[in-house]
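Engineer: Pasting final26.cif here (mmCIF, C-alpha atoms and all ligand atoms):
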data_start
loop_
_atom_site.label_atom_id
_atom_site.label_comp_id
_atom_site.auth_asym_id
_atom_site.auth_seq_id
_atom_site.Cartn_x
_atom_site.Cartn_y
_atom_site.Cartn_z
CA MET I 1 -5.51 -1.69 -13.77
CA ASN I 2 -6.72 1.83 -13.01
CA VAL I 3 -5.80 4.96 -14.93
CA THR I 4 -4.65 7.74 -12.61
CA TRP I 5 -4.56 10.79 -14.89
CA VAL I 6 -1.03 11.40 -13.64
CA LEU I 7 0.48 12.20 -17.00
CA GLY I 8 4.18 11.43 -16.78
CA LEU I 9 6.70 11.80 -14.01
CA PRO I 10 7.91 14.98 -12.28
CA SER I 11 10.86 17.04 -13.45
CA GLY I 12 12.07 17.74 -9.91
CA HIS I 13 11.41 21.46 -10.43
CA GLU I 14 7.80 21.42 -9.20
CA ILE I 15 7.05 24.13 -6.66
CA GLY I 16 4.23 25.19 -4.38
CA GLU I 17 2.61 24.73 -1.02
CA PHE I 18 0.15 21.88 -0.58
CA VAL I 19 -1.88 20.21 2.11
CA THR I 20 -2.12 16.44 1.87
CA VAL I 21 -4.36 13.98 3.64
CA ASP I 22 -3.44 10.32 3.76
CA LEU I 23 -6.05 7.73 4.66
CA GLY I 24 -3.95 4.60 5.11
CA GLY I 25 -4.80 1.23 6.62
CA THR I 26 -3.74 2.19 10.15
CA ASN I 27 -3.17 5.95 10.38
CA LEU I 28 -4.54 9.22 9.19
CA ARG I 29 -1.81 11.69 8.31
CA VAL I 30 -2.19 15.34 7.38
CA CYS I 31 0.82 17.22 5.98
CA LEU I 32 1.78 20.65 4.82
CA VAL I 33 4.31 20.15 2.04
CA ARG I 34 6.44 22.94 0.56
CA LEU I 35 8.09 22.06 -2.73
CA LYS I 36 10.85 24.47 -3.63
CA GLY I 37 11.85 23.25 -7.05
CA GLN I 38 14.76 21.20 -5.73
CA PRO I 39 14.20 17.54 -4.74
CA GLU I 40 16.63 17.94 -1.83
CA GLU I 41 14.70 20.87 -0.40
CA ILE I 42 11.27 19.80 0.66
CA ASP I 43 9.63 20.99 3.88
CA VAL I 44 7.10 18.69 5.46
CA LYS I 45 5.10 19.49 8.57
CA GLN I 46 2.83 16.67 9.59
CA HIS I 47 0.42 15.31 12.08
CA ALA I 48 -0.47 11.63 12.22
CA CYS I 49 -2.94 9.80 14.38
CA ARG I 50 -4.12 6.22 14.62
CA LEU I 51 -7.49 5.56 13.04
CA PRO I 52 -9.88 4.52 15.79
CA PRO I 53 -10.81 0.85 15.11
CA THR I 54 -14.52 1.74 15.25
CA ILE I 55 -14.06 3.97 12.20
CA LYS I 56 -12.88 1.06 10.06
CA THR I 57 -16.16 -0.78 10.40
CA GLY I 58 -18.50 2.16 11.03
CA ASP I 59 -20.41 4.33 8.59
CA ALA I 60 -19.41 6.90 5.98
CA ARG I 61 -20.47 9.89 8.07
CA ALA I 62 -18.16 8.95 10.96
CA LEU I 63 -15.25 8.46 8.57
CA TRP I 64 -15.67 11.76 6.74
CA ASN I 65 -16.29 13.69 9.96
CA PHE I 66 -13.11 12.25 11.41
CA LEU I 67 -11.17 13.19 8.29
CA THR I 68 -12.50 16.72 7.97
CA ASP I 69 -12.16 17.40 11.72
CA SER I 70 -8.54 16.23 11.67
CA LEU I 71 -7.88 18.39 8.62
CA GLU I 72 -9.50 21.43 10.21
CA GLU I 73 -7.51 21.00 13.42
CA PHE I 74 -4.30 20.78 11.43
CA LEU I 75 -5.12 23.90 9.44
CA LYS I 76 -5.89 25.79 12.63
CA ALA I 77 -2.72 24.59 14.34
CA HIS I 78 -0.67 25.86 11.41
CA GLN I 79 -2.67 29.06 11.02
CA LEU I 80 -3.61 28.15 7.51
CA THR I 81 -7.21 29.25 7.66
CA ALA I 82 -7.31 32.70 9.25
CA ASN I 83 -5.43 35.08 6.97
CA ARG I 84 -5.70 33.26 3.71
CA LYS I 85 -8.19 34.26 1.11
CA ASP I 86 -6.89 31.73 -1.38
CA ARG I 87 -7.62 28.14 -0.44
CA LEU I 88 -4.57 25.90 -0.33
CA PRO I 89 -4.47 23.09 -2.89
CA LEU I 90 -5.09 19.65 -1.44
CA GLY I 91 -3.80 16.23 -2.46
CA PHE I 92 -5.67 13.22 -1.08
CA CYS I 93 -3.82 9.93 -0.81
CA PHE I 94 -6.46 7.22 -0.79
CA SER I 95 -4.92 3.75 -0.58
CA TYR I 96 -7.90 1.78 -1.88
CA PRO I 97 -9.07 0.72 -5.35
CA ALA I 98 -10.77 3.72 -6.90
CA SER I 99 -11.64 4.21 -10.56
CA GLN I 100 -10.85 7.71 -11.69
CA GLU I 101 -12.65 9.52 -14.46
CA TYR I 102 -10.80 12.63 -13.38
CA ILE I 103 -7.69 13.17 -11.30
CA ASP I 104 -9.63 14.82 -8.48
CA HIS I 105 -12.26 12.12 -8.35
CA GLY I 106 -12.23 8.46 -7.35
CA LYS I 107 -15.09 6.01 -7.18
CA LEU I 108 -14.30 3.43 -4.51
CA LYS I 109 -14.78 -0.02 -6.02
CA THR I 110 -14.50 -1.99 -2.82
CA TRP I 111 -12.92 -1.60 0.60
CA THR I 112 -9.79 -3.66 1.18
CA LYS I 113 -7.41 -4.34 4.10
CA GLY I 114 -10.24 -5.23 6.50
CA PHE I 115 -12.10 -1.91 6.10
CA ASP I 116 -15.85 -2.28 5.99
CA ILE I 117 -17.42 1.18 6.10
CA ASP I 118 -21.01 1.47 4.95
CA GLY I 119 -22.01 3.99 2.33
CA VAL I 120 -18.70 4.75 0.60
CA GLU I 121 -18.36 2.03 -2.06
CA GLY I 122 -19.65 3.13 -5.44
CA GLY I 123 -19.46 6.80 -4.45
CA ASP I 124 -16.83 9.50 -5.01
CA ALA I 125 -14.31 9.18 -2.18
CA ALA I 126 -13.02 12.68 -2.86
CA ALA I 127 -16.37 14.46 -2.58
CA GLN I 128 -16.19 15.28 1.12
CA LEU I 129 -12.73 16.78 0.93
CA ARG I 130 -13.55 18.83 -2.12
CA ASN I 131 -15.55 21.19 0.09
CA ALA I 132 -12.86 21.51 2.74
CA LEU I 133 -10.04 22.82 0.52
CA GLU I 134 -9.21 23.13 -3.19
CA LEU I 135 -8.95 19.41 -3.95
CA VAL I 136 -6.58 18.94 -6.87
CA ALA I 137 -5.77 15.24 -6.94
CA LEU I 138 -6.75 11.90 -5.49
CA VAL I 139 -3.71 9.65 -5.52
CA ASN I 140 -3.24 5.98 -4.71
CA ASP I 141 -0.32 5.26 -2.34
CA THR I 142 1.54 3.35 -5.09
CA THR I 143 1.20 6.31 -7.47
CA GLY I 144 2.41 8.58 -4.67
CA ALA I 145 5.42 6.32 -4.04
CA MET I 146 6.22 6.22 -7.76
CA VAL I 147 6.01 9.99 -8.22
CA ALA I 148 7.75 11.00 -4.95
CA SER I 149 10.58 8.58 -5.67
CA ALA I 150 10.93 9.59 -9.33
CA TYR I 151 11.09 13.22 -8.12
CA LYS I 152 14.45 12.34 -6.54
CA ASP I 153 15.56 9.25 -8.42
CA PRO I 154 15.12 9.12 -12.21
CA LYS I 155 15.92 5.39 -12.21
CA THR I 156 12.55 4.67 -10.53
CA ILE I 157 10.54 2.23 -12.70
CA ILE I 158 7.84 1.15 -10.27
CA GLY I 159 6.29 2.43 -7.05
CA ALA I 160 5.24 -0.46 -4.82
CA ILE I 161 3.64 -1.02 -1.44
CA PHE I 162 4.47 -4.17 0.49
CA GLY I 163 2.66 -3.39 3.71
CA THR I 164 -0.78 -4.00 5.19
CA GLY I 165 -1.85 -4.38 1.55
CA CYS I 166 0.15 -4.95 -1.63
CA ASN I 167 0.09 -3.18 -4.97
CA ALA I 168 2.25 -1.34 -7.51
CA ALA I 169 2.15 1.49 -10.05
CA TYR I 170 4.16 1.98 -13.25
CA VAL I 171 4.13 4.23 -16.30
CA GLU I 172 2.24 3.15 -19.44
CA ASN I 173 1.76 4.81 -22.82
CA VAL I 174 -1.76 6.12 -23.28
CA GLY I 175 -1.94 4.34 -26.67
CA SER I 176 -1.62 0.96 -24.90
CA ILE I 177 -4.56 1.59 -22.58
CA SER I 178 -7.34 0.17 -24.70
CA LYS I 179 -10.15 0.98 -22.24
CA LEU I 180 -9.28 4.69 -22.24
CA GLN I 181 -11.20 7.03 -24.56
CA THR I 182 -9.03 10.11 -24.97
CA ASN I 183 -7.60 12.46 -27.54
CA LEU I 184 -4.21 12.46 -25.85
CA PRO I 185 -1.33 11.50 -28.17
CA PRO I 186 -0.64 7.73 -27.90
CA ASP I 187 2.87 8.23 -26.57
CA THR I 188 1.66 10.31 -23.59
CA PRO I 189 2.89 8.66 -20.40
CA MET I 190 0.28 7.84 -17.75
CA VAL I 191 0.82 6.27 -14.35
CA ILE I 192 -1.24 3.09 -13.92
CA ASN I 193 -2.33 1.80 -10.53
CA CYS I 194 -2.26 -1.97 -11.06
CA GLU I 195 -4.41 -2.99 -8.06
CA TYR I 196 -2.88 -6.43 -8.42
CA GLY I 197 -3.92 -7.32 -4.89
CA ALA I 198 -7.09 -8.38 -6.73
CA PHE I 199 -5.16 -10.68 -9.08
CA ASP I 200 -6.71 -14.14 -9.45
CA ASN I 201 -9.98 -13.29 -7.75
CA ALA I 202 -11.43 -15.98 -10.03
CA HIS I 203 -9.04 -18.45 -8.35
CA CYS I 204 -7.77 -19.97 -11.57
CA VAL I 205 -4.03 -19.54 -11.07
CA LEU I 206 -2.71 -19.62 -7.53
CA PRO I 207 -2.93 -22.76 -5.41
CA ARG I 208 -4.60 -21.83 -2.12
CA THR I 209 -4.18 -23.67 1.15
CA LYS I 210 -7.06 -24.37 3.50
CA TYR I 211 -5.80 -21.49 5.64
CA ASP I 212 -6.08 -19.10 2.67
CA LEU I 213 -9.65 -20.29 2.19
CA ILE I 214 -10.53 -19.56 5.83
CA ILE I 215 -8.99 -16.09 5.70
CA ASP I 216 -11.00 -15.29 2.62
CA LYS I 217 -14.26 -16.72 3.96
CA GLU I 218 -13.99 -14.87 7.27
CA SER I 219 -13.02 -11.53 5.70
CA PRO I 220 -15.51 -8.66 5.19
CA ARG I 221 -15.20 -9.12 1.39
CA PRO I 222 -14.92 -12.84 0.55
CA GLY I 223 -13.71 -13.56 -2.98
CA GLU I 224 -11.85 -10.22 -3.25
CA GLN I 225 -8.14 -9.29 -2.99
CA SER I 226 -7.17 -12.90 -3.47
CA PHE I 227 -3.47 -12.24 -4.17
CA GLU I 228 -3.24 -9.70 -1.35
CA LYS I 229 -4.71 -12.14 1.16
CA MET I 230 -1.81 -14.52 0.45
CA SER I 231 1.01 -12.01 0.47
CA ALA I 232 0.34 -8.81 2.42
CA GLY I 233 1.24 -7.89 5.97
CA LEU I 234 -2.32 -7.78 7.28
CA TYR I 235 -2.69 -11.51 6.64
CA LEU I 236 0.69 -13.15 7.35
CA GLY I 237 0.22 -13.20 11.14
CA GLU I 238 -3.31 -14.51 10.68
CA ILE I 239 -2.14 -17.37 8.45
CA PHE I 240 0.41 -18.24 11.17
CA ARG I 241 -2.32 -18.22 13.84
CA LEU I 242 -4.55 -20.53 11.81
CA ILE I 243 -1.74 -23.03 11.18
CA ILE I 244 -0.72 -23.08 14.86
CA LEU I 245 -4.33 -23.73 15.91
CA ASP I 246 -4.71 -26.48 13.31
CA LEU I 247 -1.52 -28.26 14.40
CA HIS I 248 -2.60 -27.91 18.01
CA ASP I 249 -6.02 -29.40 17.26
CA LYS I 250 -4.28 -32.37 15.67
CA GLY I 251 -2.13 -32.80 18.78
CA LEU I 252 1.04 -31.99 16.85
CA LEU I 253 1.98 -28.74 18.58
CA PHE I 254 1.67 -27.58 22.19
CA PRO I 255 -0.17 -30.79 23.18
CA GLY I 256 -2.30 -30.57 26.31
CA GLN I 257 -2.00 -26.80 26.58
CA ASP I 258 -4.82 -24.28 26.58
CA LEU I 259 -4.74 -22.16 23.41
CA THR I 260 -8.25 -20.71 23.76
CA ASP I 261 -6.94 -17.13 23.70
CA LEU I 262 -5.55 -17.79 20.25
CA ASN I 263 -9.06 -18.21 18.87
CA GLU I 264 -9.31 -14.44 18.54
CA PRO I 265 -8.96 -13.55 14.84
CA TYR I 266 -5.97 -11.34 13.91
CA LYS I 267 -4.56 -11.72 17.42
CA LEU I 268 -1.02 -12.22 16.08
CA ASP I 269 0.50 -9.56 13.92
CA THR I 270 3.14 -9.86 11.26
CA GLY I 271 5.75 -8.31 13.58
CA LEU I 272 5.83 -11.65 15.41
CA LEU I 273 6.85 -13.42 12.21
CA SER I 274 9.67 -10.90 11.73
CA ASP I 275 10.91 -11.53 15.27
CA LEU I 276 10.79 -15.30 14.84
CA GLU I 277 13.10 -14.98 11.85
CA ASP I 278 15.40 -12.41 13.36
CA ASP I 279 15.95 -13.29 17.00
CA PRO I 280 18.02 -16.06 18.61
CA LEU I 281 16.10 -19.23 19.51
CA ASP I 282 15.77 -18.50 23.24
CA ALA I 283 14.45 -14.98 22.53
CA CYS I 284 11.95 -16.48 20.06
CA CYS I 285 10.88 -18.95 22.71
CA ALA I 286 10.27 -16.14 25.22
CA ARG I 287 8.38 -14.11 22.61
CA LEU I 288 6.10 -17.06 21.79
CA LYS I 289 5.42 -17.70 25.46
CA GLU I 290 4.46 -14.07 25.88
CA CYS I 291 2.19 -14.01 22.79
CA LEU I 292 0.51 -17.36 23.33
CA GLY I 293 0.47 -17.32 27.13
CA ILE I 294 1.59 -20.98 27.37
CA HIS I 295 4.71 -23.04 28.01
CA VAL I 296 6.82 -23.43 24.83
CA THR I 297 9.73 -25.86 24.33
CA LEU I 298 12.76 -25.18 22.18
CA SER I 299 11.74 -27.76 19.60
CA GLU I 300 8.27 -26.19 19.38
CA THR I 301 9.96 -22.82 18.96
CA LYS I 302 11.97 -24.23 16.05
CA MET I 303 8.76 -25.46 14.47
CA ALA I 304 7.13 -22.01 14.89
CA CYS I 305 10.20 -20.30 13.38
CA PHE I 306 10.06 -22.67 10.43
CA LEU I 307 6.36 -21.89 9.87
CA ALA I 308 7.05 -18.15 10.08
CA SER I 309 9.73 -18.47 7.41
CA VAL I 310 7.52 -20.56 5.07
CA ILE I 311 4.65 -18.07 5.30
CA ALA I 312 6.85 -14.98 4.83
CA ASN I 313 8.84 -16.62 2.03
CA ARG I 314 5.68 -17.41 0.07
CA GLY I 315 4.54 -13.81 0.59
CA ALA I 316 7.85 -12.32 -0.60
CA ARG I 317 7.96 -14.59 -3.65
CA LEU I 318 4.40 -13.68 -4.60
CA CYS I 319 5.30 -9.98 -4.20
CA SER I 320 8.12 -10.44 -6.70
CA CYS I 321 5.66 -11.99 -9.21
CA GLY I 322 3.66 -8.76 -9.39
CA ILE I 323 6.80 -6.75 -10.14
CA ALA I 324 8.15 -9.34 -12.58
CA ALA I 325 4.86 -9.22 -14.51
CA ILE I 326 5.18 -5.46 -15.03
CA CYS I 327 8.85 -5.74 -16.02
CA ARG I 328 8.12 -8.50 -18.54
CA MET I 329 5.15 -6.73 -20.07
CA LYS I 330 7.07 -3.45 -20.44
CA ASN I 331 10.41 -5.04 -21.28
CA ILE I 332 12.02 -3.30 -18.35
CA THR I 333 15.43 -4.81 -17.69
CA SER I 334 16.93 -2.43 -15.14
CA GLY I 335 15.98 0.22 -12.60
CA HIS I 336 14.70 0.85 -9.11
CA VAL I 337 11.50 -0.46 -7.55
CA ALA I 338 10.68 2.19 -4.94
CA ALA I 339 8.94 0.27 -2.17
CA ASP I 340 7.19 1.33 0.99
CA GLY I 341 5.19 -0.53 3.62
CA THR I 342 5.90 -2.34 6.86
CA VAL I 343 6.75 -5.69 5.27
CA ALA I 344 9.31 -4.13 2.92
CA ASN I 345 10.76 -1.92 5.65
CA LYS I 346 10.57 -4.13 8.72
CA HIS I 347 10.68 -7.80 7.79
CA PRO I 348 14.34 -8.84 8.09
CA LYS I 349 14.36 -11.22 5.11
CA PHE I 350 11.75 -9.75 2.76
CA LYS I 351 14.09 -7.85 0.43
CA GLU I 352 16.57 -10.70 0.06
CA ARG I 353 13.83 -13.25 -0.73
CA TRP I 354 12.03 -10.86 -3.05
CA ALA I 355 15.24 -10.19 -5.01
CA LYS I 356 16.10 -13.88 -5.26
CA ALA I 357 12.65 -14.74 -6.63
CA LEU I 358 12.70 -11.82 -9.07
CA GLY I 359 16.05 -13.07 -10.44
CA GLU I 360 14.59 -16.56 -10.86
CA ILE I 361 11.52 -15.34 -12.75
CA LEU I 362 13.42 -12.91 -14.95
CA ARG I 363 16.22 -15.47 -15.44
CA TRP I 364 19.06 -13.23 -14.42
CA ASP I 365 22.58 -14.57 -14.93
CA LYS I 366 23.55 -16.67 -11.88
CA ASP I 367 27.07 -15.19 -11.86
CA ARG I 368 25.86 -11.58 -11.93
CA ARG I 369 27.84 -9.05 -9.90
CA GLU I 370 24.74 -7.09 -9.02
CA ASP I 371 21.02 -7.27 -9.65
CA PRO I 372 19.83 -5.14 -12.60
CA ILE I 373 16.52 -4.34 -10.87
CA ILE I 374 16.76 -3.46 -7.21
CA ILE I 375 14.36 -2.55 -4.46
CA THR I 376 14.89 0.93 -2.98
CA SER I 377 13.14 2.72 -0.13
CA ALA I 378 10.34 4.83 -1.56
CA GLU I 379 10.21 8.50 -0.70
CA ASP I 380 7.17 9.78 1.19
CA GLY I 381 4.45 8.93 -1.34
CA SER I 382 1.38 9.94 0.62
CA GLY I 383 2.77 13.34 1.60
CA VAL I 384 5.39 14.48 -0.91
CA GLY I 385 4.00 12.23 -3.68
CA ALA I 386 0.46 13.61 -3.34
CA ALA I 387 1.88 17.16 -3.27
CA VAL I 388 4.02 16.65 -6.37
CA VAL I 389 1.07 15.15 -8.29
CA SER I 390 -0.99 18.19 -7.25
CA ALA I 391 1.77 20.54 -8.45
CA MET I 392 2.01 18.70 -11.78
CA THR I 393 -1.78 18.86 -12.18
CA LEU I 394 -2.01 22.59 -11.40
CA TYR I 395 0.77 23.23 -13.89
CA ARG I 396 -1.13 21.26 -16.53
CA ILE I 397 -4.31 23.19 -15.82
CA HIS I 398 -2.40 26.50 -16.14
CA GLN I 399 -1.10 25.28 -19.50
CA GLY I 400 -4.71 24.80 -20.62
CA SER I 401 -4.81 20.99 -20.50
CA THR I 402 -8.22 19.61 -19.61
CA ASP I 403 -7.51 15.88 -19.90
CA GLY I 404 -8.69 14.06 -16.81
CA VAL I 405 -9.49 17.35 -15.06
CA GLN I 406 -13.02 18.30 -14.04
CA GLU I 407 -14.36 21.67 -15.13
CA ARG I 408 -13.80 24.27 -12.42
C1 LIG L 1 -5.40 -1.38 -2.05
C2 LIG L 1 -4.47 -0.59 -2.93
C3 LIG L 1 -3.26 -0.13 -2.15
C4 LIG L 1 -2.60 -1.31 -1.45
C5 LIG L 1 -1.41 -0.89 -0.61
C6 LIG L 1 -4.64 -2.48 -1.33
O1 LIG L 1 -5.48 -3.11 -0.41
O2 LIG L 1 -6.43 -1.96 -2.82
O3 LIG L 1 -5.14 0.53 -3.49
O4 LIG L 1 -2.35 0.48 -3.01
O5 LIG L 1 -3.54 -1.94 -0.61
O6 LIG L 1 -1.78 0.01 0.38
#
Now that the file is in, can you turn its structure into structure tokens?
Structural biologist:
Amino acid sequence: MNVTWVLGLPSGHEIGEFVTVDLGGTNLRVCLVRLKGQPEEIDVKQHACRLPPTIKTGDARALWNFLTDSLEEFLKAHQLTANRKDRLPLGFCFSYPASQEYIDHGKLKTWTKGFDIDGVEGGDAAAQLRNALELVALVNDTTGAMVASAYKDPKTIIGAIFGTGCNAAYVENVGSISKLQTNLPPDTPMVINCEYGAFDNAHCVLPRTKYDLIIDKESPRPGEQSFEKMSAGLYLGEIFRLIILDLHDKGLLFPGQDLTDLNEPYKLDTGLLSDLEDDPLDACCARLKECLGIHVTLSETKMACFLASVIANRGARLCSCGIAAICRMKNITSGHVAADGTVANKHPKFKERWAKALGEILRWDKDRREDPIIITSAEDGSGVGAAVVSAMTLYRIHQGSTDGVQER
């Protein structure tokens, strides 16, 4: 549970022009965001590019060079460097577990989502960008989703990511955060980044299958992100691959066929699981043939579809546990969970399964007309969210507040 120094939610009247940089699991996105004081009127100009795979397992210098070069190119392309004496404020969306002593600082605890870049853990992930522009805030993607969504929808209770990784943010009272030493009044609201992908790293609660154990053992950070490895998009396709190989080894699936190509880790992505649950049987059969490069019968296709549904259903039900835990702890009984991420947005059955499980845990009336807590599509957390947090922070600084802000 990480404090974010985001004190409360936006009013919707925040204004200003901000640059944001988003280092996600797959892409790097740079945006110019203009907030005009009306949630319906936001201008976003953006440039996104895929992170080269070598960056994800390279060293810190390559990562920061890539980030600052992309930022510089963007600024040049939008003529934001030449005639400006004042440096534009920058919001940095950093979707990894960082502990924050200040809002414009974040010490990376550990890489997640398969990243393994030397020389960043333990250091300030915001340091490199601080020199490039006027860095105002480092924001987790869940915090960004929470704030961007609350900017437009006051019923937002939680910002969540169900994507490559999984996590959520909610608003706590400062007085309930026992680890925080501050003079802020106890009823001051503060967004908390739960980092619940790391739930049960001690492996005391969740039953793990042998496939979960392999995923963990083979990952760059064994023993970490235990909950995430069972529920997030990065891993669902990999769990499927391991089960298929195991059944094949036992002669129970695709007997006599050559599945050597499937030995490549992370060869199957979660999109395949979505297709197997969405498409008619013959289309699924063709898709499997194409992915596995072998002959597939209809009954084997049925088996594969069943496996895909079991894996995705477990993932969706686990995702609802994280949200249910927050709702129970805070006594939240209604509202909107603003969710982003490929699993939430692209898996055909995720939302339905997630809602069903949430109702079971929170014991909603079986005859209810509608669900009291619903999943909504989060607004752009890493662009608009990071910009709104920056606007809120600058406003606070102008008002003379120094809580969670480094001396300038
Ligand atoms: C990271 C979180 C992030 C989540 C969703 C996890 O791996 O630790 O910081 O919010 O992925 O992107």
Engineer: Go through the chains and note each residue within 6 Å of ligand LIG 1 (chain L), using only C-alpha atoms and all ligand atoms, then give the set as an MDAnalysis selection string.
Structural biologist: chainID I and resid 95:97 112:113 140:142 161 165:167 195
Engineer: Output, as JSON, the centre and edge lengths in Å (one decimal) of the axis-aligned box that contains all listed atoms of range 99-106 of chain I with 8 Å of margin on each side.
Structural biologist:
{"center_x": -10.2, "center_y": 9.5, "center_z": -10.9, "size_x": 21.0, "size_y": 26.6, "size_z": 23.1}
Engineer: Of the candidates I:Leu28, I:Val171, I:Ala98, I:Leu234, which one gets nearest to Lys330 in chain I if we count only C-alpha atoms?
Structural biologist: I:Val171
Engineer: List as an NGL selection string the protein and nucleic acid residues near range 366-373 of chain I, meaning an atom at most 7 Å away when only C-alpha atoms are counted, but skip any in the same chain fewer than 4 places from it.
Structural biologist: :I and (333-336)
Engineer: When distances are computed from only C-alpha atoms, which of I:Tyr151, I:Phe115, I:Tyr196, I:Phe18 shows the smallest separation from Ile323 in chain I?
Structural biologist: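 Closest residue, counting only C-alpha atoms: I:Tyr196.
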Engineer: So, counting all atoms listed in the file, which residue among I:Glu360, I:Asp212, I:Asp269, I:Asp153 is closest to Thr342 in chain I?
Structural biologist: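 Nearest candidate to Thr342 in chain I out of I:Glu360, I:Asp212, I:Asp269, I:Asp153: I:Asp269.
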Engineer: Give me range 223-229 of chain I from this structure - all heavy atoms, as a PDB file, in the first residue's frame.
Structural biologist:
ATOM      1  N   GLY I 223       9.058 -15.289  -6.559  1.00  0.00           N
ATOM      2  CA  GLY I 223       8.575 -14.954  -5.208  1.00  0.00           C
ATOM      3  C   GLY I 223       7.869 -13.610  -5.150  1.00  0.00           C
ATOM      4  O   GLY I 223       7.312 -13.249  -4.121  1.00  0.00           O
ATOM      5  N   GLU I 224       7.877 -12.833  -6.257  1.00  0.00           N
ATOM      6  CA  GLU I 224       7.221 -11.522  -6.218  1.00  0.00           C
ATOM      7  C   GLU I 224       5.974 -11.515  -7.108  1.00  0.00           C
ATOM      8  O   GLU I 224       5.839 -12.350  -7.989  1.00  0.00           O
ATOM      9  CB  GLU I 224       8.202 -10.445  -6.667  1.00  0.00           C
ATOM     10  CG  GLU I 224       9.334 -10.335  -5.667  1.00  0.00           C
ATOM     11  CD  GLU I 224      10.317  -9.232  -6.001  1.00  0.00           C
ATOM     12  OE1 GLU I 224      10.032  -8.412  -6.873  1.00  0.00           O
ATOM     13  OE2 GLU I 224      11.377  -9.214  -5.364  1.00  0.00           O
ATOM     14  N   GLN I 225       5.086 -10.558  -6.856  1.00  0.00           N
ATOM     15  CA  GLN I 225       3.855 -10.376  -7.644  1.00  0.00           C
ATOM     16  C   GLN I 225       3.071 -11.683  -7.753  1.00  0.00           C
ATOM     17  O   GLN I 225       2.590 -12.066  -8.820  1.00  0.00           O
ATOM     18  CB  GLN I 225       4.180  -9.825  -9.043  1.00  0.00           C
ATOM     19  CG  GLN I 225       4.859  -8.476  -9.045  1.00  0.00           C
ATOM     20  CD  GLN I 225       4.036  -7.365  -8.428  1.00  0.00           C
ATOM     21  OE1 GLN I 225       4.264  -6.985  -7.275  1.00  0.00           O
ATOM     22  NE2 GLN I 225       3.059  -6.831  -9.142  1.00  0.00           N
ATOM     23  N   SER I 226       2.904 -12.319  -6.613  1.00  0.00           N
ATOM     24  CA  SER I 226       2.273 -13.632  -6.600  1.00  0.00           C
ATOM     25  C   SER I 226       0.841 -13.595  -7.139  1.00  0.00           C
ATOM     26  O   SER I 226       0.441 -14.405  -7.972  1.00  0.00           O
ATOM     27  CB  SER I 226       2.261 -14.120  -5.156  1.00  0.00           C
ATOM     28  OG  SER I 226       2.197 -15.484  -5.134  1.00  0.00           O
ATOM     29  N   PHE I 227       0.066 -12.627  -6.647  1.00  0.00           N
ATOM     30  CA  PHE I 227      -1.347 -12.491  -7.057  1.00  0.00           C
ATOM     31  C   PHE I 227      -1.424 -12.131  -8.538  1.00  0.00           C
ATOM     32  O   PHE I 227      -2.234 -12.670  -9.288  1.00  0.00           O
ATOM     33  CB  PHE I 227      -1.961 -11.386  -6.185  1.00  0.00           C
ATOM     34  CG  PHE I 227      -3.416 -11.133  -6.416  1.00  0.00           C
ATOM     35  CD1 PHE I 227      -4.378 -11.962  -5.861  1.00  0.00           C
ATOM     36  CD2 PHE I 227      -3.839 -10.042  -7.171  1.00  0.00           C
ATOM     37  CE1 PHE I 227      -5.726 -11.718  -6.062  1.00  0.00           C
ATOM     38  CE2 PHE I 227      -5.176  -9.789  -7.373  1.00  0.00           C
ATOM     39  CZ  PHE I 227      -6.128 -10.624  -6.810  1.00  0.00           C
ATOM     40  N   GLU I 228      -0.539 -11.223  -8.955  1.00  0.00           N
ATOM     41  CA  GLU I 228      -0.541 -10.772 -10.350  1.00  0.00           C
ATOM     42  C   GLU I 228      -0.238 -11.928 -11.305  1.00  0.00           C
ATOM     43  O   GLU I 228      -0.826 -12.044 -12.372  1.00  0.00           O
ATOM     44  CB  GLU I 228       0.507  -9.670 -10.503  1.00  0.00           C
ATOM     45  CG  GLU I 228       0.633  -9.105 -11.900  1.00  0.00           C
ATOM     46  CD  GLU I 228       1.354  -7.763 -11.879  1.00  0.00           C
ATOM     47  OE1 GLU I 228       0.671  -6.744 -11.700  1.00  0.00           O
ATOM     48  OE2 GLU I 228       2.585  -7.726 -12.035  1.00  0.00           O
ATOM     49  N   LYS I 229       0.677 -12.802 -10.877  1.00  0.00           N
ATOM     50  CA  LYS I 229       1.077 -13.909 -11.758  1.00  0.00           C
ATOM     51  C   LYS I 229      -0.061 -14.908 -11.966  1.00  0.00           C
ATOM     52  O   LYS I 229       0.005 -15.738 -12.858  1.00  0.00           O
ATOM     53  CB  LYS I 229       2.327 -14.602 -11.196  1.00  0.00           C
ATOM     54  CG  LYS I 229       3.598 -13.781 -11.425  1.00  0.00           C
ATOM     55  CD  LYS I 229       4.808 -14.358 -10.717  1.00  0.00           C
ATOM     56  CE  LYS I 229       6.053 -13.535 -11.027  1.00  0.00           C
ATOM     57  NZ  LYS I 229       7.117 -13.677 -10.023  1.00  0.00           N
TER      58      LYS I 229
END
